$ cat start-v2.txt   # compact mmCIF, C-alpha atoms (C1' of nucleotides)
# COMPACT_ATOMS: atom_id res chain seq x y z
CA MET A 1 -19.45 15.39 50.33
CA ARG A 2 -17.77 18.07 48.28
CA LYS A 3 -19.19 19.44 45.05
CA LYS A 4 -18.32 17.49 41.97
CA THR A 5 -16.41 19.16 39.23
CA VAL A 6 -16.75 18.80 35.50
CA GLU A 7 -13.55 16.79 35.51
CA GLU A 8 -14.90 14.28 37.99
CA TYR A 9 -17.98 13.69 35.87
CA ILE A 10 -15.82 13.20 32.79
CA GLU A 11 -13.57 10.73 34.55
CA THR A 12 -16.56 8.81 35.82
CA ILE A 13 -18.19 8.63 32.40
CA ASP A 14 -14.92 7.44 30.91
CA ALA A 15 -14.53 4.75 33.57
CA LEU A 16 -18.09 3.54 33.05
CA GLU A 17 -17.76 3.44 29.28
CA ARG A 18 -14.72 1.24 29.67
CA ARG A 19 -15.99 -0.92 32.48
CA GLU A 20 -19.66 -1.29 31.56
CA GLY A 21 -19.77 -0.30 27.95
CA ARG A 22 -21.96 2.73 28.57
CA ALA A 23 -22.57 5.53 31.07
CA GLN A 24 -26.17 6.06 32.08
CA THR A 25 -27.58 8.63 34.44
CA GLY A 26 -28.19 6.21 37.27
CA MET A 27 -24.77 4.59 37.03
CA ILE A 28 -23.04 7.93 37.09
CA ALA A 29 -25.15 9.03 40.03
CA GLN A 30 -24.22 5.94 42.00
CA GLU A 31 -20.54 6.23 41.12
CA ILE A 32 -20.12 9.77 42.36
CA ALA A 33 -22.64 9.55 45.20
CA VAL A 34 -25.12 12.06 43.88
CA ARG A 35 -28.82 11.82 42.96
CA PRO A 36 -29.88 11.17 39.38
CA PRO A 37 -31.46 14.59 38.82
CA SER A 38 -28.15 16.24 39.60
CA VAL A 39 -26.53 14.07 36.96
CA THR A 40 -29.13 14.94 34.32
CA GLU A 41 -28.48 18.59 34.95
CA MET A 42 -24.73 18.21 34.72
CA LEU A 43 -24.93 16.10 31.58
CA ARG A 44 -26.68 18.94 29.82
CA LYS A 45 -23.95 21.26 30.91
CA LEU A 46 -21.24 18.89 29.71
CA GLU A 47 -22.97 18.60 26.39
CA LYS A 48 -23.09 22.35 25.98
CA GLY A 49 -19.38 22.35 26.73
CA GLY A 50 -18.78 19.86 23.94
CA LEU A 51 -17.41 17.18 26.25
CA ILE A 52 -20.11 14.57 25.79
CA GLU A 53 -22.94 13.69 23.48
CA TYR A 54 -26.19 13.43 25.30
CA LYS A 55 -29.83 12.81 24.45
CA SER A 56 -32.54 12.39 27.05
CA TYR A 57 -32.89 8.83 28.30
CA SER A 58 -29.89 7.57 26.38
CA GLY A 59 -26.85 8.11 28.58
CA ALA A 60 -23.63 9.96 27.87
CA ILE A 61 -20.86 9.35 25.35
CA LEU A 62 -17.57 11.19 25.51
CA THR A 63 -16.68 13.31 22.50
CA PRO A 64 -13.04 13.30 21.34
CA THR A 65 -12.53 16.41 23.45
CA GLY A 66 -14.04 14.71 26.46
CA ARG A 67 -11.99 11.63 25.92
CA ARG A 68 -8.85 13.68 25.70
CA MET A 69 -9.67 15.29 29.01
CA ALA A 70 -10.26 11.91 30.61
CA CYS A 71 -6.98 10.51 29.28
CA ASP A 72 -5.07 13.54 30.42
CA LEU A 73 -6.48 13.22 33.93
CA GLN A 74 -5.81 9.54 34.12
CA LYS A 75 -2.25 10.07 32.99
CA LYS A 76 -1.70 12.73 35.62
CA HIS A 77 -3.22 10.48 38.22
CA ARG A 78 -0.91 7.63 37.40
CA ILE A 79 2.16 9.82 37.37
CA VAL A 80 1.40 11.39 40.73
CA ALA A 81 0.35 8.13 42.38
CA SER A 82 3.44 6.27 41.13
CA PHE A 83 5.70 9.01 42.32
CA LEU A 84 4.17 9.13 45.78
CA GLU A 85 4.39 5.40 46.17
CA MET A 86 8.02 5.40 45.09
CA LEU A 87 8.58 7.98 47.79
CA GLY A 88 7.24 5.54 50.34
CA VAL A 89 3.81 7.06 50.85
CA ASP A 90 1.25 4.47 51.89
CA HIS A 91 -0.65 3.09 48.89
CA ASP A 92 -4.12 4.24 49.95
CA ILE A 93 -2.95 7.70 50.88
CA ALA A 94 -1.00 8.02 47.63
CA GLU A 95 -4.12 7.08 45.68
CA ALA A 96 -6.34 9.49 47.58
CA ASP A 97 -3.87 12.34 47.19
CA ALA A 98 -3.43 11.62 43.51
CA CYS A 99 -7.20 11.80 43.03
CA GLN A 100 -7.10 15.38 44.21
CA ILE A 101 -3.79 16.49 42.82
CA GLU A 102 -4.52 15.27 39.28
CA HIS A 103 -7.01 18.15 39.02
CA HIS A 104 -4.51 20.78 40.07
CA VAL A 105 -1.23 19.85 38.48
CA SER A 106 -0.25 21.70 35.32
CA SER A 107 0.71 19.73 32.26
CA GLU A 108 4.24 21.11 32.44
CA THR A 109 4.71 19.85 35.97
CA ALA A 110 3.10 16.52 35.18
CA GLU A 111 5.46 15.98 32.25
CA ARG A 112 8.47 16.85 34.36
CA LEU A 113 7.31 14.49 37.08
CA ARG A 114 6.69 11.78 34.52
CA LEU A 115 10.29 12.06 33.40
CA PHE A 116 11.46 11.91 36.98
CA VAL A 117 9.48 8.75 37.67
CA GLU A 118 10.91 7.22 34.52
CA TYR A 119 14.39 8.18 35.63
CA LEU A 120 13.86 6.63 39.05
CA ARG A 121 12.57 3.43 37.47
CA ASN A 122 15.57 3.19 35.18
CA SER A 123 18.21 3.63 37.83
CA PRO A 124 20.10 0.41 38.51
CA PRO A 125 18.76 -1.65 41.42
CA GLY A 126 20.51 -0.95 44.68
CA ARG A 127 22.03 2.24 43.28
CA GLY A 128 18.94 4.29 42.63
CA CYS A 129 17.89 7.49 44.28
CA THR A 130 14.94 5.83 46.00
CA GLU A 131 17.19 3.29 47.72
CA HIS A 132 19.51 6.03 48.87
CA PHE A 133 16.53 7.95 50.10
CA GLU A 134 15.20 5.02 52.06
CA ARG A 135 18.56 4.55 53.67
CA TYR A 136 18.63 8.27 54.44
CA CYS A 137 15.24 8.01 56.12
CA ARG A 138 16.24 5.05 58.22
CA GLU A 139 19.42 6.70 59.37
CA ARG A 140 17.63 9.90 60.16
CA GLU A 141 15.35 8.07 62.54
CA ARG A 142 17.99 7.39 65.12
CA MET B 1 -12.54 33.58 39.14
CA ARG B 2 -13.02 30.43 41.17
CA LYS B 3 -14.72 30.41 44.57
CA LYS B 4 -12.50 31.09 47.49
CA THR B 5 -12.14 28.45 50.11
CA VAL B 6 -11.87 28.81 53.86
CA GLU B 7 -8.20 27.95 53.54
CA GLU B 8 -7.55 30.77 51.11
CA TYR B 9 -9.13 33.28 53.45
CA ILE B 10 -7.06 31.97 56.35
CA GLU B 11 -3.85 32.21 54.36
CA THR B 12 -4.67 35.73 53.28
CA ILE B 13 -5.46 36.86 56.79
CA ASP B 14 -2.20 35.35 58.00
CA ALA B 15 -0.23 37.07 55.26
CA LEU B 16 -1.84 40.42 56.02
CA GLU B 17 -1.26 40.11 59.75
CA ARG B 18 2.41 39.54 59.09
CA ARG B 19 2.86 42.07 56.33
CA GLU B 20 0.60 44.88 57.51
CA GLY B 21 0.08 44.14 61.16
CA ARG B 22 -3.64 43.56 60.74
CA ALA B 23 -6.24 42.11 58.41
CA GLN B 24 -9.22 44.32 57.68
CA THR B 25 -12.20 43.56 55.51
CA GLY B 26 -11.12 45.81 52.68
CA MET B 27 -7.55 44.56 52.61
CA ILE B 28 -8.70 40.97 52.49
CA ALA B 29 -11.18 41.79 49.75
CA GLN B 30 -8.49 43.40 47.64
CA GLU B 31 -6.05 40.58 48.23
CA ILE B 32 -8.34 37.82 47.04
CA ALA B 33 -10.18 39.87 44.42
CA VAL B 34 -13.61 39.80 46.00
CA ARG B 35 -15.98 42.53 47.19
CA PRO B 36 -15.96 43.60 50.83
CA PRO B 37 -19.48 42.28 51.59
CA SER B 38 -18.35 38.79 50.61
CA VAL B 39 -15.49 39.09 53.06
CA THR B 40 -17.74 40.19 55.90
CA GLU B 41 -19.90 37.19 55.31
CA MET B 42 -16.97 34.79 55.24
CA LEU B 43 -15.40 36.32 58.33
CA ARG B 44 -18.52 35.49 60.29
CA LYS B 45 -18.32 31.96 59.05
CA LEU B 46 -14.65 31.67 59.96
CA GLU B 47 -15.44 32.99 63.41
CA LYS B 48 -18.15 30.40 63.94
CA GLY B 49 -15.60 27.81 62.89
CA GLY B 50 -13.20 29.04 65.55
CA LEU B 51 -10.52 30.05 63.08
CA ILE B 52 -10.53 33.80 63.67
CA GLU B 53 -11.73 36.34 66.18
CA TYR B 54 -13.97 38.88 64.60
CA LYS B 55 -16.04 41.85 65.73
CA SER B 56 -17.84 44.15 63.34
CA TYR B 57 -15.64 46.94 62.03
CA SER B 58 -12.50 45.66 63.68
CA GLY B 59 -10.91 43.22 61.27
CA ALA B 60 -9.89 39.61 61.77
CA ILE B 61 -7.36 38.00 64.06
CA LEU B 62 -6.36 34.38 63.69
CA THR B 63 -7.02 32.14 66.66
CA PRO B 64 -4.38 29.55 67.54
CA THR B 65 -6.36 27.06 65.48
CA GLY B 66 -6.44 29.43 62.53
CA ARG B 67 -2.78 30.14 62.85
CA ARG B 68 -2.00 26.48 62.90
CA MET B 69 -3.94 26.02 59.69
CA ALA B 70 -2.08 28.91 58.06
CA CYS B 71 1.29 27.52 59.10
CA ASP B 72 0.42 24.08 57.91
CA LEU B 73 -0.59 25.41 54.51
CA GLN B 74 2.47 27.56 54.19
CA LYS B 75 4.66 24.64 55.06
CA LYS B 76 3.00 22.44 52.47
CA HIS B 77 3.32 25.19 49.92
CA ARG B 78 7.03 25.56 50.51
CA ILE B 79 7.66 21.85 50.38
CA VAL B 80 5.79 21.37 47.12
CA ALA B 81 7.21 24.47 45.48
CA SER B 82 10.79 23.57 46.45
CA PHE B 83 10.39 20.08 45.17
CA LEU B 84 8.98 21.16 41.84
CA GLU B 85 11.73 23.68 41.33
CA MET B 86 14.36 21.10 42.14
CA LEU B 87 12.75 18.96 39.49
CA GLY B 88 13.35 21.71 36.98
CA VAL B 89 9.82 23.05 36.75
CA ASP B 90 9.77 26.72 35.81
CA HIS B 91 9.61 28.93 38.88
CA ASP B 92 6.28 30.59 38.11
CA ILE B 93 4.60 27.34 37.21
CA ALA B 94 5.98 25.65 40.33
CA GLU B 95 4.57 28.46 42.44
CA ALA B 96 1.18 28.36 40.77
CA ASP B 97 0.92 24.60 41.09
CA ALA B 98 2.02 24.70 44.71
CA CYS B 99 -0.74 27.20 45.44
CA GLN B 100 -3.29 24.63 44.38
CA ILE B 101 -1.63 21.47 45.57
CA GLU B 102 -1.04 22.76 49.09
CA HIS B 103 -4.81 22.46 49.62
CA HIS B 104 -4.99 18.86 48.50
CA VAL B 105 -1.89 17.16 49.81
CA SER B 106 -2.27 15.07 52.95
CA SER B 107 0.02 15.70 55.87
CA GLU B 108 1.51 12.24 55.47
CA THR B 109 2.48 12.90 51.88
CA ALA B 110 3.75 16.36 52.69
CA GLU B 111 5.99 15.01 55.42
CA ARG B 112 7.37 12.36 53.14
CA LEU B 113 8.02 14.91 50.45
CA ARG B 114 9.68 17.20 52.97
CA LEU B 115 12.10 14.42 53.84
CA PHE B 116 12.78 13.82 50.19
CA VAL B 117 13.56 17.47 49.54
CA GLU B 118 15.86 17.46 52.55
CA TYR B 119 17.57 14.37 51.23
CA LEU B 120 18.05 15.93 47.80
CA ARG B 121 19.51 19.06 49.37
CA ASN B 122 21.94 17.06 51.45
CA SER B 123 23.33 14.97 48.65
CA PRO B 124 26.90 15.91 47.77
CA PRO B 125 27.22 18.42 44.89
CA GLY B 126 27.72 16.76 41.56
CA ARG B 127 26.63 13.39 42.94
CA GLY B 128 23.03 14.11 43.83
CA CYS B 129 19.94 12.63 42.34
CA THR B 130 18.90 15.94 40.79
CA GLU B 131 22.17 16.19 38.85
CA HIS B 132 21.79 12.64 37.61
CA PHE B 133 18.24 13.42 36.66
CA GLU B 134 19.24 16.50 34.72
CA ARG B 135 21.83 14.49 32.86
CA TYR B 136 19.23 11.82 32.19
CA CYS B 137 16.89 14.45 30.73
CA ARG B 138 19.55 15.91 28.49
CA GLU B 139 20.56 12.54 27.16
CA ARG B 140 16.98 11.56 26.57
CA GLU B 141 16.53 14.55 24.32
CA ARG B 142 18.75 13.24 21.56
C1' DG C 1 -51.20 -4.13 22.80
C1' DC C 2 -51.09 -2.91 27.22
C1' DA C 3 -50.08 -2.81 32.17
C1' DT C 4 -46.22 -2.77 35.14
C1' DC C 5 -41.86 -1.59 36.67
C1' DC C 6 -37.72 0.78 36.60
C1' DT C 7 -35.12 4.74 34.98
C1' DT C 8 -34.92 9.33 33.85
C1' DT C 9 -36.49 13.88 33.72
C1' DT C 10 -39.21 17.89 35.43
C1' DA C 11 -40.52 21.04 39.02
C1' DG C 12 -39.52 23.37 42.79
C1' DG C 13 -36.41 24.17 46.88
C1' DT C 14 -31.85 24.66 49.68
C1' DT C 15 -27.13 26.21 50.37
C1' DT C 16 -23.01 28.70 49.49
C1' DG C 17 -20.22 32.17 47.83
C1' DC C 18 -20.50 35.97 45.21
C1' DC C 19 -22.59 40.51 43.64
C1' DT C 20 -24.66 45.71 43.78
C1' DA C 21 -26.83 49.42 46.10
C1' DA C 22 -28.01 51.50 50.19
C1' DA C 23 -27.39 52.28 55.09
C1' DT C 24 -24.44 52.64 59.03
C1' DG C 25 -20.14 53.20 61.74
C1' DA C 26 -15.62 55.25 62.52
C1' DT C 27 -12.28 58.75 62.04
C1' DC C 28 -10.31 63.10 61.28
C1' DG C 29 -9.97 68.23 60.18
C1' DG C 30 -11.75 72.33 61.56
C1' DC D 1 -18.13 68.74 68.82
C1' DC D 2 -19.67 68.27 64.08
C1' DG D 3 -19.73 67.17 59.57
C1' DA D 4 -17.34 65.01 55.65
C1' DT D 5 -15.22 61.04 54.10
C1' DC D 6 -14.02 56.44 53.84
C1' DA D 7 -14.65 51.65 55.34
C1' DT D 8 -17.82 48.32 56.60
C1' DT D 9 -22.09 46.14 57.04
C1' DT D 10 -27.04 45.26 55.72
C1' DA D 11 -30.43 44.03 52.37
C1' DG D 12 -31.74 41.79 48.56
C1' DG D 13 -30.38 38.95 44.39
C1' DC D 14 -27.97 35.62 41.26
C1' DA D 15 -25.71 31.22 39.88
C1' DA D 16 -24.20 26.60 40.55
C1' DA D 17 -24.62 22.17 42.33
C1' DC D 18 -27.16 19.73 45.09
C1' DC D 19 -31.72 17.78 46.94
C1' DT D 20 -36.88 15.51 47.16
C1' DA D 21 -41.24 14.43 45.15
C1' DA D 22 -43.85 13.87 41.27
C1' DA D 23 -44.42 13.14 36.28
C1' DA D 24 -43.04 10.96 32.09
C1' DG D 25 -40.45 7.66 29.10
C1' DG D 26 -39.00 3.10 27.84
C1' DA D 27 -38.79 -1.89 28.28
C1' DT D 28 -40.64 -6.21 29.42
C1' DG D 29 -44.03 -9.98 30.43
C1' DC D 30 -48.41 -11.54 29.48
$ encode --input "start-v2.txt" --output "structure tokens"
Amino acid sequence: MRKKTVEEYIETIDALERREGRAQTGMIAQEIAVRPPSVTEMLRKLEKGGLIEYKSYSGAILTPTGRRMACDLQKKHRIVASFLEMLGVDHDIAEADACQIEHHVSSETAERLRLFVEYLRNSPPGRGCTEHFERYCRERER
Amino acid sequence: MRKKTVEEYIETIDALERREGRAQTGMIAQEIAVRPPSVTEMLRKLEKGGLIEYKSYSGAILTPTGRRMACDLQKKHRIVASFLEMLGVDHDIAEADACQIEHHVSSETAERLRLFVEYLRNSPPGRGCTEHFERYCRERER
DNA sequence: GCATCCTTTTAGGTTTGCCTAAATGATCGG
DNA sequence: CCGATCATTTAGGCAAACCTAAAAGGATGC
């Protein structure tokens, strides 16, 4: 598989902290399909970058900075995934795409998209842009 | 800067072929801000992958496969960039984001987004979703 | 308290894309 | 045709993220 980025490690640690209460080397390794030694190495790097606290043999804990990064990514993920699903993209594909795109969308764009999703959600049922769009798609198919 | 991907090389070669008539090592190097030896190396790799034709000292020529990849990327780029601009994202940011996202959007999603952009463009002036959205944004700001 | 077992780290190696410096190929004026 | 010049390639290295195998740390049962 592809090389894992700092952001992927941070997301994984965040997920594990929430789900399991802590993020240990082996758990992280399993989660991102990498061997434990690679995780150890990366954890040191993340610590130097101020994203986690790390001591040998005691797992990783996100710092406030790290946590902020994780939240930001999760937020972007949700925005992108929601939008794609509203557009009619298949759930699994929307999720997979969002996993990638969350790492490449600027905050400005994400905020704008968030507003757009909110707007779509708030439009009255049967009158909203998504309904019109679906109709448009169906008609176009003839 | 970040490491250049196969796709970035292919896009650059395509652009140079169109703009300058050919894509030589030095031109490619300049374009993607990398030294010529790195380009030589990558060109060999691209050739092995069947994306370009390459002989020492004679530049690169996209194969049909390579050209298809370039077109696909360009199409995705345009779709994403148009959409973001329609959403009100600043032009430069939309472009920059599209440059990244084009490499991570699935064809399914891109096609769906293309339809959506088409739908937005075809909605009657003053009645379209984008106008409603803009109004929504303005109102929300109070 | 210690032996065992499991997890983690250390040590050493691979791959990939990039680099610089040096060598080679191509082209062009005379 | 020959040499100068410029572009390209070769040679040799570096860094990052990964790997395997072996060593070391920590926890648990007796």
$ residues_around --input "start-v2.txt" --residues "DA26 (chain C)" --least-positions-apart "6" --cutoff "10 Å" --atoms "all atoms listed in the file" --output "short mmCIF file (atom, residue, chain, number, x, y, z; two decimals) with C-alpha atoms (C1' of nucleotides), keeping the file's coordinate frame"
data_model
loop_
_atom_site.label_atom_id
_atom_site.label_comp_id
_atom_site.auth_asym_id
_atom_site.auth_seq_id
_atom_site.Cartn_x
_atom_site.Cartn_y
_atom_site.Cartn_z
CA TYR B 57 -15.64 46.94 62.03
"C1'" DC D 6 -14.02 56.44 53.84
"C1'" DA D 7 -14.65 51.65 55.34
"C1'" DT D 8 -17.82 48.32 56.60
#
$ atom_distance --input "start-v2.txt" --atom1 "C1' of DA15 (chain D)" --atom2 "CA of Glu11 (chain A)"
24.4 Å
$ atom_distance --input "start-v2.txt" --atom1 "CA of Ser106 (chain B)" --atom2 "CA of Glu7 (chain B)"
14.2 Å
$ residues_around --input "start-v2.txt" --residues "Asp97 (chain A)" --least-positions-apart "5" --cutoff "12 Å" --atoms "only C-alpha atoms (C1' of nucleotides)" --output "CSV table (one decimal) with C-alpha atoms, in the frame of the given file"
chain,number,residue,atom,x,y,z
A,76,LYS,CA,-1.7,12.7,35.6
A,77,HIS,CA,-3.2,10.5,38.2
A,78,ARG,CA,-0.9,7.6,37.4
A,79,ILE,CA,2.2,9.8,37.4
A,80,VAL,CA,1.4,11.4,40.7
A,81,ALA,CA,0.4,8.1,42.4
A,82,SER,CA,3.4,6.3,41.1
A,83,PHE,CA,5.7,9.0,42.3
A,84,LEU,CA,4.2,9.1,45.8
A,85,GLU,CA,4.4,5.4,46.2
A,89,VAL,CA,3.8,7.1,50.8
A,90,ASP,CA,1.2,4.5,51.9
A,91,HIS,CA,-0.6,3.1,48.9
A,92,ASP,CA,-4.1,4.2,50.0
A,102,GLU,CA,-4.5,15.3,39.3
A,103,HIS,CA,-7.0,18.2,39.0
A,104,HIS,CA,-4.5,20.8,40.1
A,105,VAL,CA,-1.2,19.8,38.5
B,101,ILE,CA,-1.6,21.5,45.6
B,102,GLU,CA,-1.0,22.8,49.1
B,103,HIS,CA,-4.8,22.5,49.6
B,104,HIS,CA,-5.0,18.9,48.5
B,105,VAL,CA,-1.9,17.2,49.8
B,106,SER,CA,-2.3,15.1,53.0
B,107,SER,CA,0.0,15.7,55.9
B,108,GLU,CA,1.5,12.2,55.5
B,109,THR,CA,2.5,12.9,51.9
B,110,ALA,CA,3.8,16.4,52.7
$ closest_atom_pairs --input "start-v2.txt" --of "chain C" --to "chain B" --cutoff "12 Å" --atoms "only C-alpha atoms (C1' of nucleotides)" --output "Markdown table"
| residue | atom | partner | partner_atom | distance |
| --- | --- | --- | --- | --- |
| C:DT16 | C1' | B:Lys3 | CA | 9.8 |
| C:DG17 | C1' | B:Lys3 | CA | 6.6 |
| C:DC18 | C1' | B:Ser38 | CA | 6.5 |
| C:DC19 | C1' | B:Arg35 | CA | 7.8 |
| C:DT20 | C1' | B:Arg35 | CA | 9.9 |
| C:DA21 | C1' | B:Pro37 | CA | 11.6 |
| C:DT24 | C1' | B:Tyr57 | CA | 10.9 |
| C:DG25 | C1' | B:Tyr57 | CA | 7.7 |
| C:DA26 | C1' | B:Tyr57 | CA | 8.3 |
$ closest_residue --input "start-v2.txt" --among "D:DC30, D:DA11, D:DA21, D:DA4" --to "chain B" --atoms "all atoms listed in the file"
D:DA11
$ closest_residue --input "start-v2.txt" --among "B:Arg44, B:Ala98, B:Thr65, B:Asp14" --to "chain D" --atoms "all atoms listed in the file"
B:Arg44
